Amino acid sequence: MTKTKKISLGMVAAGAAVMAGTVVSAPAASAATPAQSSGGNVDTWIKESLKVMHAQGIPGTYEGIHRNLMRESTGNPNAINNWDSNAMKGIPSKGLMQVIDPTFNAYHVAGTSQNIYDPVANITASANYAAHRYGSIDNVNSAY
């Protein structure tokens, strides 16, 4: 049996340490504004992101993105986490995939919006980060 260390995308980017490989569960991100997404929009955003990803050689599948997106934001492109250590440092996790600004900027994919709340840009940058860190968004099964 393989044991996987699970860490938050924001925590890694901010340099926060995970003590003894344990991650404490936390409440889901809260919405800055009411959710604007529906199943159809989430489906469209993932498919648009996959087109960009495949064109850029970024690995990932619909299932891997959807699983992580729903866990991180429940499909709300305006989700923002105002409670964790990153938020306390002034860099809250944002958008569908709950990415912090420095990570979004570092892994932004050309041809997508510079707006962290843009669903396709958020998904694509997050999948790009996951590809560099874990090999693929498909390998992420917990907060990253």
# chains A, B, ... in the order shown; residues from 1 in each chain; ligands from 1
>>> residues_around(residues="Pro119 in chain A", least_positions_apart="4", cutoff="10 Å", atoms="only C-alpha atoms", output="ChimeraX atom specification")
/A:37,41-42,44-46,48-49,75-78,95-97,112-113,115,123-124
>>> residues_around(residues="range 131-139 of chain A", least_positions_apart="5", cutoff="9 Å", atoms="only C-alpha atoms", output="MDAnalysis selection string")
chainID A and resid 58:65 67:68 126
>>> closest_residue(among="A:Thr103, A:Ser142, A:His108, A:Ala79", to="Val120 in chain A", atoms="only C-alpha atoms")
A:His108
>>> closest_residue(among="A:Ala55, A:Val99, A:Met70, A:Ala127", to="Asn86 in chain A", atoms="only C-alpha atoms")
A:Val99
>>> atom_distance(atom1="CA of Pro102 in chain A", atom2="CA of Lys51 in chain A")
24.0 Å
>>> closest_residue(among="A:Asp101, A:Ala110, A:His66, A:Ala143", to="Lys89 in chain A", atoms="only C-alpha atoms")
A:Asp101
>>> closest_residue(among="A:Thr74, A:Asp118, A:Asn81, A:Asn128", to="His54 in chain A", atoms="only C-alpha atoms")
A:Asn128
